[in-house]
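structure15.cif (mmCIF, C-alpha atoms and all ligand atoms) appears below.
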```cif
data_structure
#
loop_
_atom_site.label_atom_id
_atom_site.label_comp_id
_atom_site.auth_asym_id
_atom_site.auth_seq_id
_atom_site.Cartn_x
_atom_site.Cartn_y
_atom_site.Cartn_z
CA MET P 1357 39.04 -25.97 22.17
CA PRO P 1358 39.68 -22.25 22.74
CA THR P 1359 36.80 -20.00 23.66
CA VAL P 1360 35.67 -18.12 20.58
CA PRO P 1361 35.15 -14.51 21.62
CA GLY P 1362 33.13 -11.91 19.81
CA ALA P 1363 29.89 -10.36 18.74
CA TRP P 1364 28.80 -13.41 16.79
CA ARG P 1365 27.17 -14.77 19.93
CA ARG P 1366 24.90 -11.76 20.06
CA THR P 1367 24.03 -12.34 16.43
CA ALA P 1368 23.19 -15.93 17.10
CA SER P 1369 21.01 -15.34 20.11
CA GLY P 1370 19.41 -12.32 18.45
CA ALA P 1371 18.26 -14.53 15.63
CA GLY P 1372 17.24 -17.31 17.97
CA LEU P 1373 19.86 -19.52 16.42
CA LEU P 1374 22.00 -20.34 19.42
CA GLY P 1375 21.31 -23.88 20.60
CA ASP P 1376 20.99 -24.82 24.29
CA ASP P 1377 24.47 -26.31 24.17
CA GLY P 1378 25.92 -23.06 22.79
CA SER P 1379 26.28 -24.41 19.27
CA ILE P 1380 25.17 -22.24 16.38
CA ALA P 1381 22.40 -23.59 14.20
CA PRO P 1382 22.18 -23.01 10.46
CA THR P 1383 19.51 -20.57 9.23
CA ILE P 1384 16.06 -22.04 8.83
CA PHE P 1385 16.48 -21.84 5.05
CA ALA P 1386 19.72 -23.79 5.01
CA GLU P 1387 18.25 -26.32 7.45
CA MET P 1388 15.14 -26.86 5.37
CA SER P 1389 17.01 -27.12 2.05
CA HIS P 1390 19.30 -29.69 3.66
CA LEU P 1391 16.28 -31.63 4.90
CA ALA P 1392 14.71 -31.52 1.43
CA ALA P 1393 17.92 -32.79 -0.21
CA GLU P 1394 18.44 -35.49 2.40
CA THR P 1395 14.88 -36.83 2.09
CA GLU P 1396 14.56 -36.15 -1.67
CA SER P 1397 11.50 -34.03 -0.89
CA ILE P 1398 10.06 -31.17 -2.92
CA ASN P 1399 11.60 -28.02 -1.49
CA LEU P 1400 8.88 -25.43 -0.92
CA GLY P 1401 10.92 -24.17 2.04
CA GLN P 1402 13.77 -21.90 0.95
CA GLY P 1403 12.48 -19.31 -1.49
CA PHE P 1404 14.48 -19.65 -4.71
CA PRO P 1405 13.20 -20.23 -8.25
CA ASP P 1406 13.93 -23.51 -10.04
CA GLU P 1407 13.98 -21.86 -13.47
CA ASP P 1408 16.47 -19.38 -14.91
CA GLY P 1409 15.70 -15.74 -15.48
CA PRO P 1410 15.53 -13.94 -18.84
CA ALA P 1411 18.03 -14.96 -21.52
CA GLU P 1412 18.98 -11.29 -22.12
CA VAL P 1413 20.24 -11.06 -18.56
CA LEU P 1414 22.09 -14.38 -18.57
CA GLU P 1415 23.75 -13.54 -21.89
CA ALA P 1416 24.72 -10.08 -20.71
CA ALA P 1417 26.59 -11.63 -17.77
CA GLN P 1418 28.35 -14.10 -20.04
CA ARG P 1419 29.32 -11.27 -22.37
CA ALA P 1420 30.57 -9.18 -19.47
CA ILE P 1421 32.84 -12.01 -18.33
CA ALA P 1422 34.10 -12.57 -21.89
CA ASP P 1423 34.68 -8.83 -22.29
CA GLY P 1424 36.87 -8.72 -19.21
CA HIS P 1425 34.59 -7.16 -16.58
CA ASN P 1426 36.21 -9.27 -13.94
CA GLN P 1427 37.99 -6.85 -11.62
CA TYR P 1428 36.82 -4.58 -8.80
CA THR P 1429 34.00 -2.21 -9.64
CA PRO P 1430 33.95 1.44 -8.53
CA GLY P 1431 33.00 1.77 -4.85
CA ARG P 1432 29.31 2.53 -5.37
CA GLY P 1433 28.92 -0.01 -8.17
CA VAL P 1434 29.11 -0.10 -11.96
CA PRO P 1435 27.74 3.25 -13.25
CA GLU P 1436 25.55 1.45 -15.80
CA LEU P 1437 23.76 -0.38 -12.96
CA LEU P 1438 23.43 2.73 -10.80
CA GLU P 1439 21.88 4.54 -13.76
CA ALA P 1440 19.53 1.63 -14.49
CA ILE P 1441 18.38 1.57 -10.85
CA SER P 1442 17.72 5.31 -10.99
CA GLU P 1443 15.74 4.87 -14.24
CA HIS P 1444 13.80 1.97 -12.73
CA GLN P 1445 12.77 3.99 -9.66
CA ASN P 1446 11.58 6.77 -11.93
CA ARG P 1447 9.84 4.54 -14.46
CA PHE P 1448 7.86 2.47 -11.97
CA TYR P 1449 7.35 4.88 -9.07
CA GLY P 1450 8.10 8.40 -10.28
CA LEU P 1451 10.97 8.63 -7.79
CA SER P 1452 13.93 10.78 -8.63
CA VAL P 1453 17.23 9.28 -7.52
CA ASP P 1454 20.66 10.64 -8.46
CA PRO P 1455 22.72 7.67 -9.70
CA ALA P 1456 25.97 9.34 -8.64
CA THR P 1457 25.09 9.99 -4.99
CA GLU P 1458 21.79 8.35 -4.06
CA VAL P 1459 22.30 4.72 -5.09
CA LEU P 1460 24.66 2.02 -3.88
CA ALA P 1461 25.07 -1.49 -5.29
CA THR P 1462 25.44 -4.18 -2.61
CA THR P 1463 26.00 -7.89 -2.22
CA GLY P 1464 22.33 -8.75 -2.33
CA ALA P 1465 19.66 -7.12 -0.23
CA THR P 1466 21.29 -8.95 2.66
CA GLU P 1467 24.36 -6.73 2.61
CA ALA P 1468 22.26 -3.63 2.01
CA LEU P 1469 20.40 -4.50 5.22
CA SER P 1470 23.45 -5.39 7.28
CA ALA P 1471 25.51 -2.39 6.15
CA THR P 1472 22.54 -0.10 6.80
CA LEU P 1473 21.90 -1.39 10.30
CA LEU P 1474 25.59 -1.38 11.19
CA ALA P 1475 25.79 2.19 9.92
CA LEU P 1476 22.74 3.55 11.72
CA ILE P 1477 22.85 1.85 15.12
CA ASP P 1478 25.21 3.62 17.44
CA SER P 1479 24.46 2.59 21.00
CA PRO P 1480 22.85 -0.26 22.96
CA GLU P 1481 19.86 2.03 23.62
CA ASP P 1482 19.18 2.47 19.91
CA GLU P 1483 16.06 0.63 18.86
CA VAL P 1484 15.00 -0.86 15.57
CA VAL P 1485 11.27 -1.41 15.13
CA VAL P 1486 10.49 -4.46 13.00
CA PHE P 1487 7.27 -6.17 12.07
CA GLU P 1488 6.94 -9.70 13.31
CA PRO P 1489 7.27 -12.27 11.78
CA TYR P 1490 10.45 -10.82 10.24
CA TYR P 1491 13.05 -11.99 7.75
CA ASP P 1492 15.73 -13.81 9.70
CA SER P 1493 18.65 -11.48 9.05
CA TYR P 1494 16.90 -8.48 10.64
CA ALA P 1495 17.19 -9.68 14.22
CA ALA P 1496 20.67 -11.04 13.62
CA CYS P 1497 21.94 -7.73 12.21
CA VAL P 1498 20.33 -5.62 14.92
CA ALA P 1499 22.02 -7.84 17.49
CA LEU P 1500 25.37 -7.73 15.65
CA ALA P 1501 25.15 -3.94 15.51
CA GLY P 1502 24.53 -3.94 19.26
CA GLY P 1503 21.08 -2.38 19.07
CA ARG P 1504 17.72 -3.38 20.47
CA LEU P 1505 14.92 -5.04 18.55
CA ARG P 1506 11.34 -3.84 19.11
CA THR P 1507 8.73 -5.97 17.41
CA VAL P 1508 5.24 -5.08 16.25
CA PRO P 1509 3.11 -8.13 15.54
CA LEU P 1510 1.34 -8.66 12.25
CA ARG P 1511 -2.09 -10.03 13.07
CA ARG P 1512 -4.10 -12.66 11.24
CA PRO P 1513 -6.00 -12.88 8.98
CA ASP P 1514 -4.50 -10.09 6.85
CA PHE P 1515 -1.17 -9.73 8.67
CA GLN P 1516 -1.37 -5.96 9.10
CA PRO P 1517 -0.05 -4.28 12.25
CA ASP P 1518 -2.39 -2.67 14.75
CA LEU P 1519 -2.01 1.11 14.52
CA ASP P 1520 -1.92 1.56 18.30
CA GLU P 1521 0.65 -1.18 18.81
CA LEU P 1522 2.76 0.40 16.08
CA ALA P 1523 2.47 3.86 17.64
CA ALA P 1524 3.42 2.45 21.05
CA ALA P 1525 6.55 0.76 19.67
CA VAL P 1526 8.04 3.88 18.10
CA THR P 1527 9.68 6.22 20.61
CA ASP P 1528 12.55 8.68 20.72
CA CYS P 1529 14.85 5.66 21.14
CA THR P 1530 13.82 4.44 17.69
CA ARG P 1531 16.65 4.92 15.20
CA VAL P 1532 15.15 2.82 12.45
CA ILE P 1533 11.72 1.57 11.45
CA LEU P 1534 12.44 -1.47 9.28
CA LEU P 1535 9.65 -2.71 7.09
CA ASN P 1536 9.40 -5.37 4.45
CA ASP P 1537 6.71 -4.68 1.90
CA PRO P 1538 5.60 -6.97 0.22
CA HIS P 1539 6.21 -9.11 3.26
CA ASN P 1540 8.15 -12.33 3.70
CA PRO P 1541 6.91 -14.71 5.17
CA THR P 1542 3.22 -13.70 5.21
CA GLY P 1543 2.74 -12.40 1.65
CA ALA P 1544 1.03 -9.30 3.07
CA VAL P 1545 1.19 -5.87 1.45
CA PHE P 1546 0.86 -2.92 3.78
CA THR P 1547 -2.20 -0.67 3.43
CA ALA P 1548 -1.81 3.03 2.56
CA GLU P 1549 -2.92 3.82 6.12
CA ILE P 1550 -0.08 1.79 7.62
CA ARG P 1551 2.48 3.36 5.30
CA GLN P 1552 1.24 6.80 6.29
CA GLN P 1553 1.39 5.93 9.98
CA ILE P 1554 4.99 4.71 9.61
CA ALA P 1555 5.94 7.94 7.83
CA ASP P 1556 4.23 10.07 10.52
CA LEU P 1557 5.87 8.19 13.36
CA ALA P 1558 9.30 8.33 11.74
CA GLU P 1559 8.99 12.07 11.33
CA ARG P 1560 7.69 12.61 14.86
CA HIS P 1561 10.53 10.61 16.40
CA ASP P 1562 13.23 11.47 13.87
CA ALA P 1563 13.77 7.87 12.82
CA VAL P 1564 15.11 6.54 9.53
CA ILE P 1565 12.77 4.33 7.51
CA VAL P 1566 14.49 1.31 6.00
CA THR P 1567 12.27 -0.56 3.59
CA ASP P 1568 13.05 -3.97 2.14
CA GLU P 1569 11.18 -4.22 -1.15
CA VAL P 1570 12.82 -7.24 -2.76
CA TYR P 1571 9.38 -8.54 -3.82
CA GLU P 1572 8.41 -5.21 -5.42
CA HIS P 1573 7.54 -6.85 -8.76
CA LEU P 1574 5.50 -9.63 -7.18
CA VAL P 1575 2.36 -7.80 -6.05
CA PHE P 1576 -0.73 -9.36 -7.56
CA ASP P 1577 -3.74 -7.06 -7.58
CA GLN P 1578 -2.55 -3.53 -6.97
CA PRO P 1579 0.45 -1.44 -7.89
CA HIS P 1580 3.41 -1.65 -5.54
CA VAL P 1581 3.77 1.62 -3.64
CA PRO P 1582 7.21 2.27 -2.13
CA ILE P 1583 6.98 4.15 1.15
CA ALA P 1584 9.61 6.52 -0.29
CA THR P 1585 6.88 7.95 -2.54
CA LEU P 1586 5.25 9.58 0.49
CA PRO P 1587 6.58 13.15 0.40
CA GLN P 1588 7.11 13.16 4.13
CA ALA P 1589 9.06 9.90 4.03
CA ALA P 1590 11.34 10.54 1.05
CA ALA P 1591 13.99 12.51 2.93
CA ARG P 1592 14.42 9.83 5.62
CA THR P 1593 13.96 6.57 3.71
CA LEU P 1594 16.45 4.01 2.46
CA THR P 1595 14.85 1.67 -0.07
CA ILE P 1596 16.44 -1.74 -0.52
CA SER P 1597 15.87 -4.19 -3.33
CA SER P 1598 17.62 -6.99 -5.13
CA ALA P 1599 17.95 -8.79 -8.44
CA GLY P 1600 17.39 -12.18 -6.84
CA LYS P 1601 13.59 -12.37 -7.09
CA THR P 1602 12.97 -10.14 -10.10
CA PHE P 1603 15.51 -11.82 -12.37
CA ARG P 1604 15.48 -15.29 -10.82
CA ALA P 1605 19.13 -14.91 -9.91
CA THR P 1606 19.30 -15.41 -6.16
CA GLY P 1607 22.86 -16.75 -6.42
CA TRP P 1608 24.23 -13.64 -8.09
CA LYS P 1609 23.71 -11.57 -4.96
CA ILE P 1610 23.24 -8.22 -6.64
CA GLY P 1611 21.27 -5.85 -4.45
CA TRP P 1612 21.01 -2.12 -4.00
CA VAL P 1613 19.91 0.65 -1.72
CA SER P 1614 18.71 4.09 -2.73
CA GLY P 1615 17.82 7.19 -0.75
CA PRO P 1616 19.14 10.58 0.37
CA ALA P 1617 22.85 11.11 -0.32
CA GLU P 1618 23.88 11.50 3.36
CA LEU P 1619 22.23 8.21 4.30
CA ILE P 1620 23.75 6.43 1.30
CA THR P 1621 27.19 7.76 2.29
CA ALA P 1622 26.69 6.27 5.75
CA VAL P 1623 25.84 2.87 4.28
CA LEU P 1624 28.71 3.05 1.77
CA THR P 1625 31.13 3.75 4.59
CA VAL P 1626 30.23 0.40 6.14
CA LYS P 1627 29.77 -1.56 2.91
CA GLN P 1628 33.27 -0.69 1.76
CA PHE P 1629 34.66 -2.58 4.75
CA LEU P 1630 32.27 -5.51 4.51
CA THR P 1631 32.80 -6.51 0.89
CA PHE P 1632 34.33 -3.36 -0.64
CA VAL P 1633 32.64 -4.11 -3.98
CA ASN P 1634 31.00 -7.11 -5.61
CA GLY P 1635 29.73 -8.87 -8.71
CA SER P 1636 31.50 -7.00 -11.57
CA PRO P 1637 30.08 -8.99 -14.52
CA PHE P 1638 26.66 -9.40 -12.94
CA GLN P 1639 26.05 -5.72 -12.37
CA PRO P 1640 25.83 -4.74 -16.08
CA ALA P 1641 23.65 -7.81 -16.65
CA ILE P 1642 21.19 -6.66 -14.00
CA ALA P 1643 21.29 -3.19 -15.54
CA ALA P 1644 20.07 -4.84 -18.77
CA GLY P 1645 17.38 -6.63 -16.77
CA LEU P 1646 16.11 -3.46 -15.12
CA ARG P 1647 15.77 -1.93 -18.58
CA LEU P 1648 13.62 -4.78 -19.96
CA PRO P 1649 10.22 -3.71 -21.31
CA ASP P 1650 7.14 -3.54 -19.07
CA ALA P 1651 5.90 -6.83 -20.53
CA PHE P 1652 8.70 -8.70 -18.75
CA PHE P 1653 7.68 -7.39 -15.35
CA ALA P 1654 3.98 -8.01 -16.03
CA GLU P 1655 4.64 -11.60 -17.07
CA LEU P 1656 6.81 -12.20 -13.99
CA ARG P 1657 3.89 -11.14 -11.82
CA GLU P 1658 1.33 -13.17 -13.79
CA ASP P 1659 3.53 -16.25 -13.64
CA MET P 1660 3.74 -15.95 -9.87
CA ARG P 1661 0.00 -15.33 -9.61
CA ARG P 1662 -0.69 -18.59 -11.46
CA LYS P 1663 1.77 -20.43 -9.27
CA LYS P 1664 0.48 -19.12 -5.96
CA ASP P 1665 -3.06 -19.98 -7.10
CA LEU P 1666 -1.93 -23.50 -7.93
CA LEU P 1667 -0.16 -23.85 -4.61
CA GLY P 1668 -3.09 -22.35 -2.72
CA ALA P 1669 -5.57 -24.72 -4.39
CA GLY P 1670 -3.32 -27.69 -3.55
CA LEU P 1671 -3.00 -26.64 0.07
CA ARG P 1672 -6.75 -26.13 0.42
CA ALA P 1673 -7.49 -29.47 -1.23
CA ALA P 1674 -5.12 -31.05 1.29
CA GLY P 1675 -7.26 -29.58 4.09
CA PHE P 1676 -5.18 -26.55 5.06
CA ASP P 1677 -6.73 -23.17 5.73
CA ILE P 1678 -4.58 -20.65 3.90
CA PHE P 1679 -4.01 -16.91 4.08
CA GLN P 1680 -4.27 -15.47 0.56
CA PRO P 1681 -1.02 -13.60 -0.17
CA ALA P 1682 -1.20 -10.16 -1.80
CA GLY P 1683 2.37 -10.55 -3.05
CA THR P 1684 5.72 -12.42 -2.80
CA TYR P 1685 6.56 -16.07 -3.39
CA PHE P 1686 4.89 -17.24 -0.22
CA THR P 1687 1.61 -18.64 1.06
CA VAL P 1688 0.99 -19.26 4.76
CA ALA P 1689 -1.05 -22.33 5.65
CA ASP P 1690 -2.49 -23.22 9.03
CA GLY P 1691 -1.52 -26.69 10.23
CA ALA P 1692 -4.22 -26.48 12.92
CA SER P 1693 -6.88 -27.08 10.30
CA LEU P 1694 -5.38 -30.55 9.81
CA GLY P 1695 -4.85 -31.13 13.51
CA PHE P 1696 -1.20 -29.99 13.63
CA SER P 1697 -0.89 -27.28 16.28
CA ASP P 1698 2.93 -27.28 16.19
CA ALA P 1699 4.15 -26.20 12.76
CA ALA P 1700 7.81 -26.72 13.66
CA ALA P 1701 7.06 -30.38 14.43
CA LEU P 1702 4.90 -30.66 11.31
CA CYS P 1703 7.75 -29.27 9.16
CA ARG P 1704 10.17 -31.82 10.60
CA GLU P 1705 7.70 -34.61 9.79
CA LEU P 1706 6.46 -33.34 6.41
CA PRO P 1707 9.25 -34.99 4.38
CA GLN P 1708 8.32 -38.42 5.77
CA ARG P 1709 4.58 -37.83 5.69
CA ALA P 1710 4.31 -36.14 2.30
CA GLY P 1711 7.73 -35.68 0.66
CA VAL P 1712 7.39 -31.89 0.84
CA VAL P 1713 9.32 -29.25 2.81
CA GLY P 1714 7.92 -25.98 4.22
CA VAL P 1715 9.13 -23.50 6.82
CA PRO P 1716 7.44 -22.91 10.20
CA LEU P 1717 6.61 -19.26 10.90
CA THR P 1718 8.08 -19.66 14.36
CA ALA P 1719 11.48 -19.32 12.64
CA PHE P 1720 10.63 -15.66 12.01
CA VAL P 1721 9.46 -14.59 15.47
CA THR P 1722 10.86 -13.80 18.90
CA ASP P 1723 10.45 -16.46 21.56
CA GLU P 1724 7.82 -14.46 23.51
CA ASN P 1725 5.47 -14.44 20.55
CA ARG P 1726 5.88 -17.96 19.25
CA ALA P 1727 2.44 -19.03 20.43
CA ASP P 1728 0.67 -16.60 18.07
CA TYR P 1729 2.25 -18.22 15.03
CA ALA P 1730 2.75 -21.77 16.33
CA SER P 1731 0.62 -23.63 13.81
CA LEU P 1732 1.57 -21.67 10.67
CA VAL P 1733 3.72 -22.95 7.81
CA ARG P 1734 5.17 -20.96 4.89
CA PHE P 1735 5.23 -22.61 1.48
CA ALA P 1736 7.06 -21.10 -1.52
CA ALA P 1737 5.38 -21.08 -4.94
CA CYS P 1738 8.45 -20.06 -6.98
CA LYS P 1739 8.77 -23.52 -8.57
CA ARG P 1740 7.91 -25.08 -11.93
CA VAL P 1741 4.23 -25.85 -12.47
CA ASP P 1742 4.86 -29.60 -12.62
CA VAL P 1743 6.74 -29.40 -9.31
CA LEU P 1744 3.85 -27.52 -7.68
CA GLU P 1745 1.35 -30.05 -9.07
CA GLU P 1746 3.36 -32.93 -7.68
CA ALA P 1747 3.67 -31.14 -4.33
CA ALA P 1748 -0.10 -30.61 -4.26
CA ALA P 1749 -0.72 -34.29 -5.01
CA ARG P 1750 1.65 -35.33 -2.24
CA LEU P 1751 0.14 -32.91 0.28
CA GLY P 1752 -3.27 -34.31 -0.63
CA ARG P 1753 -2.22 -37.59 0.97
CA LEU P 1754 -1.39 -35.85 4.25
CA GLY P 1755 -4.88 -36.10 5.72
CA ALA P 1756 -4.90 -39.82 4.98
CA SER P 1757 -1.56 -40.56 6.68
N1 LIG E 1 14.85 -9.61 2.33
C1 LIG E 1 13.85 -10.47 2.15
C2 LIG E 1 12.50 -10.14 2.66
C3 LIG E 1 14.08 -11.69 1.53
O1 LIG E 1 13.09 -12.56 1.36
C4 LIG E 1 15.38 -11.98 1.09
C5 LIG E 1 15.68 -13.32 0.51
N2 LIG E 1 15.62 -13.44 -0.68
C6 LIG E 1 16.39 -11.03 1.26
C7 LIG E 1 16.08 -9.86 1.91
C8 LIG E 1 17.78 -11.27 0.82
O2 LIG E 1 17.96 -10.93 -0.51
P1 LIG E 1 19.33 -11.22 -1.27
O3 LIG E 1 19.31 -12.65 -1.65
O4 LIG E 1 19.30 -10.29 -2.43
O5 LIG E 1 20.43 -10.93 -0.33
N1 LIG E 2 14.84 -15.23 1.01
C1 LIG E 2 14.75 -16.65 0.94
C2 LIG E 2 13.53 -17.11 1.73
O1 LIG E 2 12.93 -16.35 2.45
C3 LIG E 2 15.94 -17.38 1.49
C4 LIG E 2 17.21 -16.63 1.57
C5 LIG E 2 18.23 -17.38 2.40
O2 LIG E 2 18.32 -18.58 2.37
N2 LIG E 2 18.98 -16.64 3.16
O3 LIG E 2 13.20 -18.24 1.63
#
```

Any chance you could put this one into structure tokens?
Ligand code: PMP
Ligand code: GLN
Amino acid sequence: MPTVPGAWRRTASGAGLLGDDGSIAPTIFAEMSHLAAETESINLGQGFPDEDGPAEVLEAAQRAIADGHNQYTPGRGVPELLEAISEHQNRFYGLSVDPATEVLATTGATEALSATLLALIDSPEDEVVVFEPYYDSYAACVALAGGRLRTVPLRRPDFQPDLDELAAAVTDCTRVILLNDPHNPTGAVFTAEIRQQIADLAERHDAVIVTDEVYEHLVFDQPHVPIATLPQAAARTLTISSAGKTFRATGWKIGWVSGPAELITAVLTVKQFLTFVNGSPFQPAIAAGLRLPDAFFAELREDMRRKKDLLGAGLRAAGFDIFQPAGTYFTVADGASLGFSDAAALCRELPQRAGVVGVPLTAFVTDENRADYASLVRFAACKRVDVLEEAAARLGRLGAS
């Protein structure tokens, strides 16, 4: 076998995915979905819905294919989608975004994130501040881009960062402060005070704020507030979102990033060499989705509220302590309350013990900080009610096994 050279090794070790023998492991989501399929367990691990999104959106994609929208799109995306994103930012948040220069369609939020980090990190001294636990691609992309990851822990029980720890992490080496609000995997929503602190620190140290808001329409008891709405932050913020969660279309991989024109140009410069363009027939369909009436977005949120309540009740009845999520698909449960101090081991055993799959939070943290999250498991509520009820019944047998 030849040696395989390249930056991929950095990516792998950055994400904690490189095995002791040098082999690369699949992402935690792929691993857990494989485990669920292999053991015929209920998959509350990887966060994807098991029901389709709105018929208007599905039909619009079918129409677009039939009407011949099957070739490359313009470089920034289909104008109809760029306009719909601009309208959406204005309608929900009062943000003004020029569809011609301040929006870019991407291959999911994943590419928006990777293109952004590749664009903004320029030297091995450049630091990206992330909140830990963090979505798996963040560490991988920072490593691929050759930058340095600085983590700020999110502390139980509400998974907010400590203001002093945050202030200490941001320095003149910080190129990017990368937040995810609402937050995967904890379900936390940042307080106004934290958002303000991030904006202040970014300004003081001339850093770019990159905010991953893919769960923007899944905040339960308060309006979602994009950090870009802070006047001080607007000029230095790239806001990322995606159709996956809002329109139950994770496989379509339509995402976008919006922000100041110069920053969008930087991201476009990289994106055009990653995928060039993507998803011709899906882009107009997501434009139709973004233009759906308010009732659609309200019902999406209420549906998820019911489901997370159902999941939370099932987990509590099974003996888990849980952390009430303020948003997202996810609820974090503490295995320690059932005597399981090692969530990674519990997640490997859960299919046999209960026929259910979850994800250990240790998959989202750096090695140094594993101990703080060692007993925590993330369960996804984005499943049919009957599936969640069956999962709850199965988990109820856990204490007895
Ligand atoms: N960011 C977060 C926080 C996520 O949970 C996900 C996964 N859905 C993504 C980014 C990736 O989104 P997409 O599937 O649109 O690439
Ligand atoms: N975002 C999904 C989750 O957190 C999974 C996405 C993926 O598999 N890459 O579960």

Between atom CA of P:Ser1493 and atom CA of P:Pro1579, what is the distance, to one decimal in Å?
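These two atoms are separated by 26.8 Å.
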
As a tab-separated table (two decimals) with C-alpha atoms, in the frame of the given file, please: every protein or nucleic acid residue near ligand LIG 1 (chain E) (cut-off 10 Å, counting all atoms listed in the file).
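Once everything was written out, this is pocket-v4.tsv:
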```tsv
chain	number	residue	atom	x	y	z
P	1385	PHE	CA	16.48	-21.84	5.05
P	1402	GLN	CA	13.77	-21.90	0.95
P	1403	GLY	CA	12.48	-19.31	-1.49
P	1404	PHE	CA	14.48	-19.65	-4.71
P	1462	THR	CA	25.44	-4.18	-2.61
P	1463	THR	CA	26.00	-7.89	-2.22
P	1464	GLY	CA	22.33	-8.75	-2.33
P	1465	ALA	CA	19.66	-7.12	-0.23
P	1466	THR	CA	21.29	-8.95	2.66
P	1467	GLU	CA	24.36	-6.73	2.61
P	1468	ALA	CA	22.26	-3.63	2.01
P	1469	LEU	CA	20.40	-4.50	5.22
P	1470	SER	CA	23.45	-5.39	7.28
P	1490	TYR	CA	10.45	-10.82	10.24
P	1491	TYR	CA	13.05	-11.99	7.75
P	1492	ASP	CA	15.73	-13.81	9.70
P	1493	SER	CA	18.65	-11.48	9.05
P	1494	TYR	CA	16.90	-8.48	10.64
P	1535	LEU	CA	9.65	-2.71	7.09
P	1536	ASN	CA	9.40	-5.37	4.45
P	1537	ASP	CA	6.71	-4.68	1.90
P	1538	PRO	CA	5.60	-6.97	0.22
P	1539	HIS	CA	6.21	-9.11	3.26
P	1540	ASN	CA	8.15	-12.33	3.70
P	1541	PRO	CA	6.91	-14.71	5.17
P	1567	THR	CA	12.27	-0.56	3.59
P	1568	ASP	CA	13.05	-3.97	2.14
P	1569	GLU	CA	11.18	-4.22	-1.15
P	1570	VAL	CA	12.82	-7.24	-2.76
P	1571	TYR	CA	9.38	-8.54	-3.82
P	1596	ILE	CA	16.44	-1.74	-0.52
P	1597	SER	CA	15.87	-4.19	-3.33
P	1598	SER	CA	17.62	-6.99	-5.13
P	1599	ALA	CA	17.95	-8.79	-8.44
P	1600	GLY	CA	17.39	-12.18	-6.84
P	1601	LYS	CA	13.59	-12.37	-7.09
P	1602	THR	CA	12.97	-10.14	-10.10
P	1605	ALA	CA	19.13	-14.91	-9.91
P	1606	THR	CA	19.30	-15.41	-6.16
P	1607	GLY	CA	22.86	-16.75	-6.42
P	1608	TRP	CA	24.23	-13.64	-8.09
P	1609	LYS	CA	23.71	-11.57	-4.96
P	1610	ILE	CA	23.24	-8.22	-6.64
P	1611	GLY	CA	21.27	-5.85	-4.45
P	1612	TRP	CA	21.01	-2.12	-4.00
P	1684	THR	CA	5.72	-12.42	-2.80
P	1685	TYR	CA	6.56	-16.07	-3.39
P	1686	PHE	CA	4.89	-17.24	-0.22
```

Fewer than 2 positions away in the same chain doesn't count, so skip those; otherwise give me all residues within 10 Å of P:Pro1430, counting all atoms listed in the file, as a PDB file with C-alpha atoms, in the frame of the given file.
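Contents of the output file selection_16.pdb:
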```
ATOM      1  CA  GLN P1427      37.990  -6.850 -11.620  1.00  0.00           C
ATOM      2  CA  TYR P1428      36.820  -4.580  -8.800  1.00  0.00           C
ATOM      3  CA  ARG P1432      29.310   2.530  -5.370  1.00  0.00           C
ATOM      4  CA  GLY P1433      28.920  -0.010  -8.170  1.00  0.00           C
ATOM      5  CA  VAL P1434      29.110  -0.100 -11.960  1.00  0.00           C
ATOM      6  CA  PRO P1435      27.740   3.250 -13.250  1.00  0.00           C
ATOM      7  CA  ALA P1461      25.070  -1.490  -5.290  1.00  0.00           C
ATOM      8  CA  PHE P1632      34.330  -3.360  -0.640  1.00  0.00           C
ATOM      9  CA  VAL P1633      32.640  -4.110  -3.980  1.00  0.00           C
ATOM     10  CA  ASN P1634      31.000  -7.110  -5.610  1.00  0.00           C
ATOM     11  CA  SER P1636      31.500  -7.000 -11.570  1.00  0.00           C
TER      12      SER P1636
END
```

Selection: 12 Å around stretch 1523-1530 of chain P, all atoms listed in the file, excl. self and same-chain fewer than 2 positions, as a PyMOL selection string:
chain P and resi 1476-1487+1503-1509+1517-1521+1532-1534+1550+1552-1565

Write out as a PyMOL selection string each polymer residue whose atoms come within 12 Å of stretch 1696-1704 of chain P, counting only C-alpha atoms; drop sequence neighbours fewer than 3 positions from it.
chain P and resi 1384+1387-1392+1395+1397+1399-1401+1675-1677+1688-1693+1707-1720+1726-1735+1754-1755

What is the atom CA of P:Arg1366-atom CA of P:Lys1627 distance in Å, reported with one decimal?
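For atom CA of P:Arg1366 relative to atom CA of P:Lys1627, the distance reads 20.5 Å.
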
If we count only C-alpha atoms and set the cut-off at 9 Å, which residues sit around P:Ala1748, ignoring sequence neighbours fewer than 6 positions away in its own chain? Please answer as a list in words.
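The filter keeps Leu1666, Leu1667, Gly1668, Ala1669, Gly1670, Leu1671, Ala1673 and Ala1674 of chain P.
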
Can you measure atom CA of P:Gln1445 to atom CA of P:Ala1654 for me? One decimal in Å is fine.
16.2 Å

Nearest residue to ligand LIG 2 (chain E) from the set P:Leu1414, P:Ala1386, P:Val1626, P:Leu1648 (distances using all atoms listed in the file)
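For ligand LIG 2 (chain E), the nearest of the given residues is P:Ala1386.
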
Which of P:Ala1736, P:Ala1651, P:Leu1751, P:Ile1441 sits closest to ligand LIG 2 (chain E) [using all atoms listed in the file]
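Under the stated criterion, the closest residue is P:Ala1736.
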
May I have the residues within 12 Å of P:Arg1657 as a count of residues only, using only C-alpha atoms and disregarding those fewer than 2 positions away in the same chain?
30

Give the centre and edge lengths of an axis-aligned box, in Å to one decimal, that holds all listed atoms of stretch 1487-1498 of chain P with 5 Å on each side, as lines of an AutoDock Vina configuration file.
```
center_x = 14.4
center_y = -9.7
center_z = 11.3
size_x = 25.0
size_y = 18.2
size_z = 17.2
```
